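Undergrad: Sending over final_15.cif (mmCIF, C-alpha atoms).
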```
data_target
loop_
_atom_site.group_PDB
_atom_site.id
_atom_site.type_symbol
_atom_site.label_atom_id
_atom_site.label_comp_id
_atom_site.auth_asym_id
_atom_site.auth_seq_id
_atom_site.Cartn_x
_atom_site.Cartn_y
_atom_site.Cartn_z
ATOM 1 C CA MET A 275 -192.775 -149.344 -121.343
ATOM 2 C CA PRO A 276 -195.695 -149.938 -119.012
ATOM 3 C CA ALA A 277 -196.168 -153.480 -117.734
ATOM 4 C CA MET A 278 -198.885 -155.551 -119.341
ATOM 5 C CA PRO A 279 -201.176 -157.201 -116.786
ATOM 6 C CA LEU A 280 -200.961 -160.758 -118.162
ATOM 7 C CA SER A 281 -201.273 -163.984 -116.237
ATOM 8 C CA ASP A 282 -198.590 -166.673 -116.487
ATOM 9 C CA ALA A 283 -200.996 -168.704 -118.641
ATOM 10 C CA GLN A 284 -201.498 -165.785 -121.050
ATOM 11 C CA ILE A 285 -197.747 -165.229 -121.331
ATOM 12 C CA LEU A 286 -197.240 -168.927 -122.034
ATOM 13 C CA ASP A 287 -199.964 -168.827 -124.708
ATOM 14 C CA ILE A 288 -198.289 -165.866 -126.434
ATOM 15 C CA ALA A 289 -194.857 -167.523 -126.252
ATOM 16 C CA THR A 290 -196.258 -170.772 -127.623
ATOM 17 C CA PHE A 291 -197.917 -168.928 -130.503
ATOM 18 C CA LEU A 292 -194.750 -166.987 -131.368
ATOM 19 C CA HIS A 293 -192.530 -170.071 -131.217
ATOM 20 C CA ALA A 294 -194.940 -171.982 -133.454
ATOM 21 C CA ARG A 295 -194.935 -169.151 -136.018
ATOM 22 C CA ALA A 296 -191.134 -168.967 -135.908
ATOM 23 C CA ALA A 297 -190.816 -172.728 -136.403
ATOM 24 C CA GLU A 298 -193.275 -172.571 -139.293
ATOM 25 C CA ALA A 299 -191.315 -169.734 -140.899
ATOM 26 C CA MET A 300 -188.031 -171.627 -140.567
ATOM 27 C CA ARG A 301 -189.557 -174.644 -142.324
ATOM 28 C CA SER A 302 -190.743 -172.526 -145.224
ATOM 29 C CA SER A 303 -188.596 -172.248 -148.320
ATOM 30 C CA GLY A 304 -188.586 -168.442 -148.075
ATOM 31 C CA VAL A 305 -186.433 -168.192 -144.952
ATOM 32 C CA PRO A 306 -182.683 -168.766 -145.381
ATOM 33 C CA LYS A 307 -180.884 -171.064 -142.941
ATOM 34 C CA VAL A 308 -178.362 -168.299 -142.202
ATOM 35 C CA TYR A 309 -180.060 -165.006 -141.402
ATOM 36 C CA PRO A 310 -178.086 -161.753 -141.059
ATOM 37 C CA VAL A 311 -178.338 -160.254 -137.561
ATOM 38 C CA GLU A 312 -178.870 -156.815 -139.102
ATOM 39 C CA LYS A 313 -182.245 -157.940 -140.429
ATOM 40 C CA LEU A 314 -183.397 -158.744 -136.884
ATOM 41 C CA LEU A 315 -182.923 -155.139 -135.835
ATOM 42 C CA THR A 316 -185.950 -153.017 -136.573
ATOM 43 C CA GLY A 317 -187.110 -149.507 -135.970
ATOM 44 C CA ASN A 318 -186.561 -145.918 -136.892
ATOM 45 C CA VAL A 319 -183.975 -143.934 -134.923
ATOM 46 C CA GLU A 320 -185.743 -140.579 -135.236
ATOM 47 C CA ALA A 321 -189.152 -142.043 -134.362
ATOM 48 C CA GLY A 322 -187.534 -143.746 -131.358
ATOM 49 C CA LYS A 323 -186.016 -140.465 -130.168
ATOM 50 C CA THR A 324 -189.341 -138.687 -130.576
ATOM 51 C CA PHE A 325 -191.142 -141.412 -128.598
ATOM 52 C CA PHE A 326 -188.410 -141.560 -125.916
ATOM 53 C CA ASN A 327 -188.513 -137.792 -125.377
ATOM 54 C CA GLY A 328 -192.286 -137.428 -125.754
ATOM 55 C CA ALA A 329 -195.283 -139.712 -125.588
ATOM 56 C CA GLY A 330 -193.312 -142.715 -124.316
ATOM 57 C CA GLY A 331 -192.514 -140.929 -121.083
ATOM 58 C CA CYS A 332 -189.114 -142.688 -121.000
ATOM 59 C CA THR A 333 -187.354 -139.540 -119.745
ATOM 60 C CA LYS A 334 -189.253 -139.806 -116.461
ATOM 61 C CA CYS A 335 -186.903 -142.655 -115.465
ATOM 62 C CA HIS A 336 -184.078 -142.639 -118.034
ATOM 63 C CA SER A 337 -181.579 -140.109 -119.340
ATOM 64 C CA VAL A 338 -179.334 -140.265 -122.411
ATOM 65 C CA THR A 339 -176.708 -138.341 -120.420
ATOM 66 C CA GLY A 340 -177.263 -140.359 -117.216
ATOM 67 C CA ASP A 341 -178.090 -144.053 -116.938
ATOM 68 C CA LEU A 342 -178.100 -144.565 -120.715
ATOM 69 C CA ALA A 343 -174.956 -142.548 -121.516
ATOM 70 C CA GLY A 344 -172.687 -144.532 -123.841
ATOM 71 C CA VAL A 345 -174.947 -147.574 -123.836
ATOM 72 C CA ALA A 346 -174.412 -148.137 -127.576
ATOM 73 C CA GLY A 347 -170.682 -148.569 -126.946
ATOM 74 C CA LYS A 348 -171.239 -151.065 -124.141
ATOM 75 C CA HIS A 349 -173.419 -153.554 -126.008
ATOM 76 C CA THR A 350 -174.002 -154.764 -129.551
ATOM 77 C CA PRO A 351 -177.332 -153.795 -131.139
ATOM 78 C CA ILE A 352 -178.682 -157.336 -130.743
ATOM 79 C CA GLU A 353 -177.638 -157.392 -127.057
ATOM 80 C CA LEU A 354 -179.430 -154.089 -126.482
ATOM 81 C CA GLU A 355 -182.560 -155.443 -128.129
ATOM 82 C CA ALA A 356 -182.409 -158.579 -125.967
ATOM 83 C CA ARG A 357 -181.952 -156.459 -122.833
ATOM 84 C CA MET A 358 -185.067 -154.477 -123.740
ATOM 85 C CA LEU A 359 -187.082 -157.621 -124.413
ATOM 86 C CA TYR A 360 -185.782 -159.495 -121.350
ATOM 87 C CA PRO A 361 -184.707 -156.882 -118.782
ATOM 88 C CA GLY A 362 -184.346 -159.507 -116.055
ATOM 89 C CA GLY A 363 -181.752 -161.468 -117.985
ATOM 90 C CA LYS A 364 -181.888 -164.491 -120.244
ATOM 91 C CA HIS A 365 -185.354 -165.690 -121.142
ATOM 92 C CA ARG A 366 -186.135 -169.118 -119.820
ATOM 93 C CA SER A 367 -189.101 -171.202 -120.881
ATOM 94 C CA THR A 368 -190.781 -174.009 -119.002
ATOM 95 C CA ARG A 369 -191.229 -175.794 -122.326
ATOM 96 C CA GLY A 370 -187.533 -176.160 -123.069
ATOM 97 C CA TRP A 371 -187.236 -173.742 -126.016
#
```
Go through the file and emit its structure as structure tokens.

TA:
Amino acid sequence: MPAMPLSDAQILDIATFLHARAAEAMRSSGVPKVYPVEKLLTGNVEAGKTFFNGAGGCTKCHSVTGDLAGVAGKHTPIELEARMLYPGGKHRSTRGW
């Protein structure tokens, strides 16, 4: 995924917005206190493969038989998603979230 040219202030604004929406959703009566991890995972496997091998250009740097071989057996789905969202490791916020 190409980098987005955002300033630290813009990133903080986006994070603040998302955390506020998440907090609002958790306070609503429609969101259960215990939420199945499976519902956090989104996407379409075939569409992902098509994007990975085509328009996404992922194969320029990654290979399912090379650096990504067996990745699904090394990590849980939620860990893989977190690694994609935060490739540098655990997300840390200056606001204490």

Undergrad: Tell me, in Å to one decimal, how far atom CA of A:Leu354 is from atom CA of A:Ile288.

TA: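 Going from atom CA of A:Leu354 over to atom CA of A:Ile288 covers 22.2 Å.
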
Undergrad: If I take atom CA of A:Met358 and atom CA of A:Ala299, how far is one from the other in Å, to one decimal?

TA: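 Atom-to-atom, atom CA of A:Met358 to atom CA of A:Ala299, that is 23.8 Å.
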
Undergrad: In Å, rounded to a single decimal, give me how far atom CA of A:Lys323 is from atom CA of A:Leu359.

TA: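 Rounded to one decimal, the two atoms are 18.1 Å apart.
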
Undergrad: Smallest atom-to-atom distance to A:Val345: which of A:Arg357, A:Asp282, A:Ala329, A:Gly317, using all atoms listed in the file?

TA: A:Arg357

Undergrad: Taking all atoms listed in the file into account, name the residue in A:Thr316, A:Gln284, A:Thr339, A:Asn327 that is nearest to A:Pro351.

TA: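 So, comparing all the options, the nearest one is A:Thr316.
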